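Structure file query35.tsv (TSV, C-alpha atoms and all ligand atoms) is printed below.
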```tsv
chain	number	residue	atom	x	y	z
A	1	MET	CA	23.57	-60.54	15.60
A	2	GLN	CA	21.79	-59.41	18.74
A	3	ILE	CA	18.64	-61.50	19.16
A	4	PHE	CA	16.12	-60.99	21.94
A	5	ILE	CA	13.95	-64.01	22.58
A	6	ALA	CA	10.94	-64.50	24.85
A	7	SER	CA	7.97	-66.79	25.28
A	8	ASP	CA	5.02	-67.64	27.42
A	9	HIS	CA	4.44	-71.13	28.80
A	10	GLY	CA	2.97	-72.24	25.42
A	11	GLY	CA	6.22	-71.38	23.64
A	12	LEU	CA	8.74	-72.13	26.38
A	13	ALA	CA	10.01	-75.45	24.99
A	14	LEU	CA	10.42	-73.93	21.53
A	15	LYS	CA	12.26	-70.93	22.95
A	16	GLU	CA	14.73	-73.16	24.76
A	17	PHE	CA	15.30	-75.15	21.58
A	18	LEU	CA	15.82	-72.03	19.46
A	19	LYS	CA	18.24	-70.58	21.97
A	20	LYS	CA	20.53	-73.55	21.54
A	21	GLY	CA	20.06	-73.68	17.78
A	22	LEU	CA	20.90	-70.00	17.33
A	23	ALA	CA	23.69	-69.69	19.88
A	24	LYS	CA	26.50	-69.89	17.33
A	25	GLY	CA	27.33	-66.51	15.86
A	26	ASN	CA	24.57	-64.63	17.68
A	27	LYS	CA	24.19	-62.84	20.97
A	28	ILE	CA	20.99	-64.22	22.45
A	29	THR	CA	19.24	-62.42	25.29
A	30	ASP	CA	16.45	-64.39	26.92
A	31	LEU	CA	13.72	-62.19	28.40
A	32	GLY	CA	11.65	-65.03	29.91
A	33	CYS	CA	9.51	-66.81	30.77
A	34	ASP	CA	11.65	-69.26	32.63
A	35	ASN	CA	9.24	-71.94	33.78
A	36	GLU	CA	6.11	-73.75	32.63
A	37	LYS	CA	3.76	-71.96	34.96
A	38	SER	CA	0.91	-70.32	33.09
A	39	CYS	CA	1.70	-66.67	32.32
A	40	ASP	CA	0.50	-63.84	30.09
A	41	TYR	CA	2.13	-63.49	26.69
A	42	PRO	CA	1.56	-59.68	26.39
A	43	ASP	CA	3.95	-59.11	29.30
A	44	PHE	CA	6.78	-60.81	27.47
A	45	ALA	CA	5.86	-59.39	24.09
A	46	GLU	CA	5.98	-55.88	25.52
A	47	LYS	CA	9.33	-56.40	27.18
A	48	LEU	CA	10.90	-57.79	24.05
A	49	ALA	CA	9.28	-55.30	21.70
A	50	LYS	CA	10.66	-52.38	23.70
A	51	GLU	CA	14.16	-53.82	23.53
A	52	VAL	CA	13.94	-54.37	19.79
A	53	ALA	CA	12.41	-50.96	19.15
A	54	GLY	CA	15.08	-49.34	21.33
A	55	SER	CA	17.87	-51.04	19.40
A	56	LYS	CA	17.09	-48.85	16.37
A	57	GLY	CA	17.31	-51.63	13.84
A	58	LYS	CA	20.27	-53.43	15.37
A	59	ALA	CA	18.42	-56.28	17.06
A	60	THR	CA	15.91	-58.91	15.98
A	61	GLY	CA	13.23	-60.38	18.22
A	62	ILE	CA	11.80	-63.86	18.43
A	63	LEU	CA	8.59	-64.48	20.33
A	64	CYS	CA	7.13	-67.90	20.96
A	65	CYS	CA	3.70	-68.69	22.29
A	66	GLY	CA	1.19	-71.44	21.46
A	67	THR	CA	0.41	-70.12	17.97
A	68	GLY	CA	2.52	-66.96	17.64
A	69	ILE	CA	-0.67	-64.96	17.17
A	70	GLY	CA	-1.11	-63.39	20.59
A	71	MET	CA	2.56	-62.47	20.77
A	72	SER	CA	2.38	-60.71	17.41
A	73	MET	CA	-0.76	-58.80	18.34
A	74	ALA	CA	0.85	-57.52	21.51
A	75	ALA	CA	4.28	-56.75	20.03
A	76	ASN	CA	2.77	-54.79	17.16
A	77	LYS	CA	1.32	-52.31	19.64
A	78	VAL	CA	4.81	-51.01	20.34
A	79	LYS	CA	5.93	-48.24	18.05
A	80	GLY	CA	8.67	-49.29	15.67
A	81	ILE	CA	7.78	-52.97	15.82
A	82	ARG	CA	6.77	-55.04	12.83
A	83	ALA	CA	6.07	-58.47	14.21
A	84	ALA	CA	5.15	-61.31	11.85
A	85	VAL	CA	3.71	-64.72	12.54
A	86	VAL	CA	5.38	-67.14	10.17
A	87	TRP	CA	4.47	-70.75	9.50
A	88	ASN	CA	6.50	-71.88	6.48
A	89	GLU	CA	9.61	-70.92	4.57
A	90	VAL	CA	7.84	-68.61	2.14
A	91	SER	CA	6.20	-66.61	4.92
A	92	ALA	CA	9.51	-66.42	6.82
A	93	LYS	CA	11.32	-65.15	3.71
A	94	MET	CA	8.60	-62.67	2.77
A	95	ALA	CA	8.30	-61.36	6.31
A	96	LYS	CA	11.79	-59.95	5.85
A	97	GLU	CA	11.94	-59.29	2.11
A	98	HIS	CA	8.64	-57.48	1.76
A	99	ASN	CA	7.60	-56.48	5.28
A	100	ASN	CA	10.96	-55.85	6.93
A	101	ALA	CA	9.71	-57.57	10.08
A	102	ASN	CA	11.93	-57.08	13.09
A	103	VAL	CA	10.17	-59.58	15.33
A	104	LEU	CA	9.36	-63.13	14.35
A	105	CYS	CA	6.48	-64.89	16.10
A	106	LEU	CA	6.35	-68.64	16.20
A	107	GLY	CA	3.84	-71.13	17.54
A	108	GLY	CA	5.26	-73.78	19.80
A	109	ARG	CA	2.02	-75.77	19.52
A	110	VAL	CA	1.77	-75.63	15.75
A	111	LEU	CA	5.37	-76.00	14.60
A	112	LYS	CA	7.93	-78.68	15.24
A	113	ASN	CA	11.06	-77.37	16.90
A	114	ASP	CA	13.38	-78.07	14.00
A	115	GLU	CA	10.92	-76.61	11.48
A	116	ALA	CA	10.74	-73.45	13.54
A	117	LEU	CA	14.54	-73.18	13.70
A	118	LYS	CA	14.66	-73.50	9.92
A	119	LEU	CA	12.18	-70.65	9.58
A	120	VAL	CA	14.22	-68.43	11.86
A	121	ASN	CA	17.34	-69.11	9.80
A	122	VAL	CA	15.51	-68.39	6.55
A	123	PHE	CA	14.30	-65.13	8.03
A	124	LEU	CA	17.73	-64.11	9.33
A	125	LYS	CA	19.37	-64.79	5.97
A	126	SER	CA	16.82	-62.80	4.00
A	127	THR	CA	17.16	-59.09	3.30
A	128	PHE	CA	14.58	-56.35	2.98
A	129	GLN	CA	13.97	-55.58	-0.65
A	130	GLY	CA	12.84	-52.06	0.10
A	131	GLU	CA	16.49	-51.03	0.33
A	132	LYS	CA	17.18	-52.32	-3.17
A	133	LYS	CA	16.99	-50.27	-6.33
A	134	ASP	CA	13.83	-51.81	-7.71
A	135	GLY	CA	12.18	-52.36	-4.32
A	136	GLU	CA	10.95	-48.89	-3.50
A	137	ARG	CA	7.33	-50.05	-3.42
A	138	HIS	CA	8.14	-52.25	-0.44
A	139	LYS	CA	9.75	-49.38	1.40
A	140	LYS	CA	6.77	-47.14	0.68
A	141	ARG	CA	4.38	-49.76	2.05
A	142	VAL	CA	6.42	-50.45	5.15
A	143	ASP	CA	6.69	-46.70	5.77
A	144	LYS	CA	2.91	-46.58	5.63
A	145	ILE	CA	2.69	-49.32	8.24
A	146	ASP	CA	5.04	-47.39	10.51
A	147	ALA	CA	3.05	-44.19	10.03
A	148	LEU	CA	-0.12	-45.97	11.14
A	149	GLY	CA	1.62	-46.84	14.39
A	150	GLU	CA	2.35	-43.18	14.99
A	151	ASN	CA	-1.29	-42.32	15.32
A	152	SER	CA	-2.10	-44.54	18.19
A	153	GLY	CA	-1.15	-45.15	21.71
A	154	PHE	CA	-1.15	-42.30	24.14
A	155	PRO	CA	-4.39	-40.65	25.08
A	156	GLU	CA	-3.61	-37.10	26.09
A	157	PRO	CA	-0.10	-35.76	25.99
A	158	VAL	CA	0.33	-32.05	26.19
A	159	VAL	CA	1.49	-31.01	22.79
A	160	GLY	CA	1.03	-27.32	22.98
A	161	ALA	CA	0.13	-24.35	25.07
A	162	LEU	CA	-1.31	-20.92	24.65
A	163	ILE	CA	0.43	-18.58	27.04
A	164	PHE	CA	-1.19	-15.30	28.03
A	165	ASN	CA	0.46	-12.27	29.50
A	166	GLU	CA	-1.34	-9.77	31.70
A	167	LYS	CA	-2.35	-7.79	28.63
A	168	ASN	CA	-4.14	-10.86	27.36
A	169	GLU	CA	-1.77	-11.22	24.50
A	170	VAL	CA	-1.11	-14.75	23.41
A	171	PHE	CA	2.01	-16.65	22.69
A	172	LEU	CA	1.73	-20.05	21.09
A	173	MET	CA	3.84	-23.02	21.79
A	174	LYS	CA	3.46	-26.24	19.95
A	175	SER	CA	5.09	-29.44	19.02
A	176	PRO	CA	7.40	-28.94	16.05
A	177	LYS	CA	5.62	-31.51	13.97
A	178	TRP	CA	2.06	-32.48	14.50
A	179	ASP	CA	2.16	-35.43	12.24
A	180	GLY	CA	5.61	-36.75	12.85
A	181	LEU	CA	8.00	-36.98	15.72
A	182	TYR	CA	7.27	-35.24	19.00
A	183	ILE	CA	10.02	-34.02	21.19
A	184	ILE	CA	10.31	-34.81	24.86
A	185	PRO	CA	12.32	-32.18	26.61
A	186	GLY	CA	12.48	-34.15	29.83
A	187	GLY	CA	10.20	-31.84	31.74
A	188	HIS	CA	8.94	-33.29	34.96
A	189	ILE	CA	6.10	-32.92	37.39
A	190	GLU	CA	6.96	-32.29	41.00
A	191	LEU	CA	5.08	-33.76	43.89
A	192	GLY	CA	1.70	-32.06	44.25
A	193	GLU	CA	1.89	-30.34	40.90
A	194	ASN	CA	-0.48	-30.90	38.07
A	195	MET	CA	0.61	-30.86	34.46
A	196	ARG	CA	-0.39	-27.24	33.98
A	197	ASP	CA	1.55	-26.01	37.02
A	198	ALA	CA	4.55	-27.98	35.90
A	199	LEU	CA	4.42	-26.47	32.46
A	200	ILE	CA	4.22	-22.94	33.87
A	201	ARG	CA	7.08	-23.59	36.25
A	202	GLU	CA	9.30	-25.01	33.53
A	203	ILE	CA	8.58	-22.20	31.14
A	204	LYS	CA	9.26	-19.60	33.83
A	205	GLU	CA	12.48	-21.29	34.81
A	206	GLU	CA	13.79	-21.44	31.32
A	207	THR	CA	12.47	-18.47	29.40
A	208	ASP	CA	11.69	-14.83	29.86
A	209	LEU	CA	8.06	-15.32	28.88
A	210	ASP	CA	5.68	-13.27	30.88
A	211	ILE	CA	3.10	-15.84	31.96
A	212	TYR	CA	-0.21	-14.72	33.36
A	213	ASP	CA	-2.31	-17.63	32.24
A	214	LEU	CA	-1.77	-20.76	30.24
A	215	LYS	CA	-4.07	-23.07	28.37
A	216	MET	CA	-2.80	-26.43	27.25
A	217	PHE	CA	-4.06	-28.27	24.29
A	218	THR	CA	-3.66	-31.88	23.40
A	219	LEU	CA	-3.74	-34.09	20.42
A	220	HIS	CA	-5.56	-37.28	21.22
A	221	ASP	CA	-3.87	-39.48	18.72
A	222	ALA	CA	-0.34	-38.27	19.30
A	223	ILE	CA	2.57	-40.64	19.40
A	224	PHE	CA	3.48	-42.41	22.57
A	225	PRO	CA	7.25	-42.65	22.25
A	226	ALA	CA	9.09	-45.53	23.87
A	227	GLY	CA	10.15	-44.52	27.35
A	228	PHE	CA	7.49	-41.87	27.70
A	229	HIS	CA	6.05	-41.83	31.18
A	230	LYS	CA	2.86	-39.93	31.84
A	231	LYS	CA	3.89	-38.93	35.34
A	232	LYS	CA	7.38	-37.78	34.45
A	233	HIS	CA	7.20	-36.20	31.05
A	234	PHE	CA	5.03	-34.03	29.03
A	235	LEU	CA	5.33	-33.58	25.37
A	236	MET	CA	6.08	-30.15	24.17
A	237	VAL	CA	6.69	-27.74	22.44
A	238	ASP	CA	8.44	-25.53	20.08
A	239	PHE	CA	7.92	-21.91	19.57
A	240	LEU	CA	5.59	-21.01	16.83
A	241	ALA	CA	4.73	-17.40	17.37
A	242	LYS	CA	7.84	-15.64	18.43
A	243	THR	CA	9.08	-14.24	21.66
A	244	LYS	CA	10.10	-10.68	22.26
A	245	SER	CA	13.51	-11.78	23.38
A	246	GLU	CA	16.23	-12.44	20.88
A	247	LYS	CA	16.75	-16.06	21.67
A	248	PHE	CA	16.21	-18.42	24.52
A	249	LYS	CA	16.33	-22.08	25.23
A	250	LEU	CA	13.74	-24.40	26.59
A	251	ASP	CA	15.18	-27.76	27.46
A	252	GLY	CA	17.81	-27.42	24.84
A	253	LYS	CA	15.46	-26.21	22.13
A	254	GLU	CA	16.10	-22.75	20.90
A	255	GLY	CA	13.25	-20.37	20.42
A	256	THR	CA	13.57	-17.50	18.03
A	257	LYS	CA	12.93	-13.80	17.94
A	258	GLY	CA	9.32	-12.64	17.87
A	259	VAL	CA	6.33	-11.00	19.51
A	260	TRP	CA	3.23	-11.58	21.57
A	261	MET	CA	0.01	-11.36	19.59
A	262	LYS	CA	-3.63	-10.69	20.36
A	263	PRO	CA	-5.46	-14.02	20.19
A	264	LYS	CA	-7.78	-13.05	17.39
A	265	LEU	CA	-4.96	-11.67	15.34
A	266	ALA	CA	-2.92	-14.80	15.92
A	267	ALA	CA	-5.84	-16.95	14.79
A	268	LYS	CA	-6.15	-14.86	11.66
A	269	GLU	CA	-2.59	-14.08	10.74
A	270	LEU	CA	-0.55	-17.08	11.66
A	271	LYS	CA	-0.45	-20.13	9.49
A	272	LEU	CA	-1.46	-22.61	12.12
A	273	ASP	CA	-2.01	-26.29	11.76
A	274	GLN	CA	-5.58	-27.42	12.34
A	275	PHE	CA	-5.08	-28.48	15.96
A	276	THR	CA	-3.45	-25.28	17.09
A	277	GLN	CA	-5.99	-23.28	15.15
A	278	LYS	CA	-8.83	-25.10	16.84
A	279	ALA	CA	-7.32	-24.67	20.29
A	280	LEU	CA	-6.98	-20.97	19.70
A	281	GLU	CA	-10.46	-20.56	18.28
A	282	ASP	CA	-11.92	-22.53	21.18
A	283	TYR	CA	-10.12	-20.25	23.55
A	284	ILE	CA	-11.42	-17.16	21.81
A	285	LYS	CA	-14.96	-18.52	21.95
A	286	ILE	CA	-14.78	-19.52	25.58
A	287	MET	CA	-13.24	-16.35	26.87
A	288	ASP	CA	-15.15	-14.02	24.62
A	289	LEU	CA	-11.99	-12.21	23.83
A	290	THR	CA	-13.60	-10.03	21.20
A	291	LYS	CA	-13.58	-7.14	23.66
A	292	VAL	CA	-9.84	-7.09	24.02
A	293	VAL	CA	-8.81	-7.94	20.49
A	301	LIG	C1	-1.70	-69.84	25.95
A	301	LIG	O1	-2.54	-70.92	26.29
A	301	LIG	C2	-1.93	-69.43	24.51
A	301	LIG	O2	-3.14	-68.77	24.40
A	301	LIG	C3	-0.79	-68.57	24.02
A	301	LIG	O3	0.39	-69.27	24.15
A	301	LIG	C4	-0.79	-68.13	22.58
A	301	LIG	O4	-1.07	-69.17	21.71
A	301	LIG	C5	-1.60	-66.95	22.27
A	301	LIG	O5	-1.70	-66.49	21.13
```

With the file now loaded, output its structure as structure tokens.
Amino acid sequence: MQIFIASDHGGLALKEFLKKGLAKGNKITDLGCDNEKSCDYPDFAEKLAKEVAGSKGKATGILCCGTGIGMSMAANKVKGIRAAVVWNEVSAKMAKEHNNANVLCLGGRVLKNDEALKLVNVFLKSTFQGEKKDGERHKKRVDKIDALGENSGFPEPVVGALIFNEKNEVFLMKSPKWDGLYIIPGGHIELGENMRDALIREIKEETDLDIYDLKMFTLHDAIFPAGFHKKKHFLMVDFLAKTKSEKFKLDGKEGTKGVWMKPKLAAKELKLDQFTQKALEDYIKIMDLTKVV
């Protein structure tokens, strides 16, 4: 099994011990720290958590600090991570069976080395009961934990845009799922550009949309996917209202056939989710579009 392991100075000795104890049959990757100098556990927790989250269920993480507590707090901030502090065999077993933890946090100042190794082995041998026939309740609960993580993290990604043509007709773009996964098309911001300019440029480059003006809207509690970088990416967008062209692609996503709509009509006719609806209504209010609708 692939195991990532990391510690701060308070868990260093335990980490070194566990590395030896787990070497047989496992691939161990040590992500630091590598000396006893005082350091900050969130740095190591973050590094490890991103590796484990990126492994898509293939790897397990072990974090050691003085108590295990700080490491677990930090690791649990990373989407996809369920980090558990364990202190005895029952908690180690349950962390896997009921909570499907993927990171184990151990306290080098509260556990003896050999006790801690035993707990890791108990954890590794246990299986998540949520995958079993009569264990659906555990899966449901763990899914709820994961969903909580999806509502935190990144302050203001762009998740949609209202595009206006010179006739003041509106075309809506939005993330395909407001309450689930967001797509990152790999758009980028060039030197000197702001997010809005970048969005216009990308849309112009890749579609036949007739852009006269564009208003972005954001969802404050949107997901912050692993690897997302504020300066390099923006979150967008799928086509909700339809374009006049038959089909086009935007960063690999196909749009579909459709039309431009007057803003007020769009607000009335289209079945919009609450965020898009609000963005559109705000726009209508601000611009006093009643005259042109
Ligand atoms: C470091 O002194 C200590 O605070 C840390 O190792 C850990 O116990 C935090 O939770």

Given only C-alpha atoms and all ligand atoms, how would the per-residue table for chain A near ligand LIG 301 (chain A) read, listing every residue at most 12 Å away with its closest atom pair and distance in Å to one decimal, sorted by chain and number, as CSV?
```
residue,atom,partner,partner_atom,distance
A:Ala6,CA,A:LIG301,O3,11.6
A:Ser7,CA,A:LIG301,O3,8.1
A:Asp8,CA,A:LIG301,O3,5.9
A:His9,CA,A:LIG301,O3,6.4
A:Gly10,CA,A:LIG301,O3,4.1
A:Gly11,CA,A:LIG301,O3,6.2
A:Leu12,CA,A:LIG301,O3,9.1
A:Ala13,CA,A:LIG301,O3,11.5
A:Leu14,CA,A:LIG301,O3,11.4
A:Cys33,CA,A:LIG301,O3,11.5
A:Glu36,CA,A:LIG301,C1,11.0
A:Lys37,CA,A:LIG301,C1,10.7
A:Ser38,CA,A:LIG301,C1,7.6
A:Cys39,CA,A:LIG301,C1,7.9
A:Asp40,CA,A:LIG301,C1,7.6
A:Tyr41,CA,A:LIG301,C3,6.4
A:Pro42,CA,A:LIG301,C5,8.9
A:Asp43,CA,A:LIG301,C3,11.8
A:Phe44,CA,A:LIG301,O3,11.1
A:Ala45,CA,A:LIG301,C5,10.8
A:Leu63,CA,A:LIG301,O3,10.2
A:Cys64,CA,A:LIG301,O3,7.6
A:Cys65,CA,A:LIG301,O3,3.8
A:Gly66,CA,A:LIG301,O4,3.2
A:Thr67,CA,A:LIG301,O4,4.1
A:Gly68,CA,A:LIG301,O5,5.5
A:Ile69,CA,A:LIG301,O5,4.4
A:Gly70,CA,A:LIG301,O5,3.2
A:Met71,CA,A:LIG301,O5,5.9
A:Ser72,CA,A:LIG301,O5,8.0
A:Met73,CA,A:LIG301,O5,8.2
A:Ala74,CA,A:LIG301,O5,9.3
A:Ala75,CA,A:LIG301,O5,11.5
A:Val85,CA,A:LIG301,O5,10.3
A:Cys105,CA,A:LIG301,O5,9.7
A:Leu106,CA,A:LIG301,O4,9.3
A:Gly107,CA,A:LIG301,O4,6.7
A:Gly108,CA,A:LIG301,O3,7.9
A:Arg109,CA,A:LIG301,O4,7.6
A:Val110,CA,A:LIG301,O4,9.2
A:Leu111,CA,A:LIG301,O4,11.8
```

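Here CA of Lys50 (chain A) stands at a distance of 19.5 Å from CA of Asn26 (chain A).
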
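Here CA of Glu16 (chain A) and CA of Gly61 (chain A) stand 14.4 Å from one another.
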
Can you work out which one of A:Asp210, A:Glu97, A:Glu51, A:Glu115 has the shortest atom-to-atom distance to Lys167 (chain A), counting only C-alpha atoms? A:Asp210

What does the distance between CA of Gly21 (chain A) and CA of Phe4 (chain A) come to in Å, to one decimal place? 13.9 Å

Given 4 Å of margin on each side, can you work out the centre and size in Å (one decimal) of an axis-aligned box holding every listed atom of region 18-33 of chain A, as JSON?
```
{"center_x": 18.4, "center_y": -67.9, "center_z": 23.3, "size_x": 25.8, "size_y": 19.5, "size_z": 22.9}
```

Nearest to Gly80 (chain A): which of A:Met216, A:Leu162, A:Leu199, A:Val103 is it, counting all atoms listed in the file? A:Val103

For Ala101 (chain A): contacts at 12 Å, all atoms listed in the file, fewer than 6 positions along chain excluded, given as an MDAnalysis selection string: chainID A and resid 49 52:53 57 59:62 72 75:76 80:86 91:95 120 123:124 126:130 138:139 142 145:146

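Minimum atom-to-atom distances from A:Ala147, A:Lys278, A:Leu18, A:Ala267 to Asn121 (chain A) were compared using only C-alpha atoms, and the lowest value belongs to A:Leu18.
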
Counting only C-alpha atoms, the residue of A:Lys285, A:Arg196, A:Lys27, A:His98 that sits nearest Lys140 (chain A): A:His98

Of A:Val90, A:Val122, A:Val78, A:Leu117, the one nearest to Phe17 (chain A) when counting only C-alpha atoms is A:Leu117
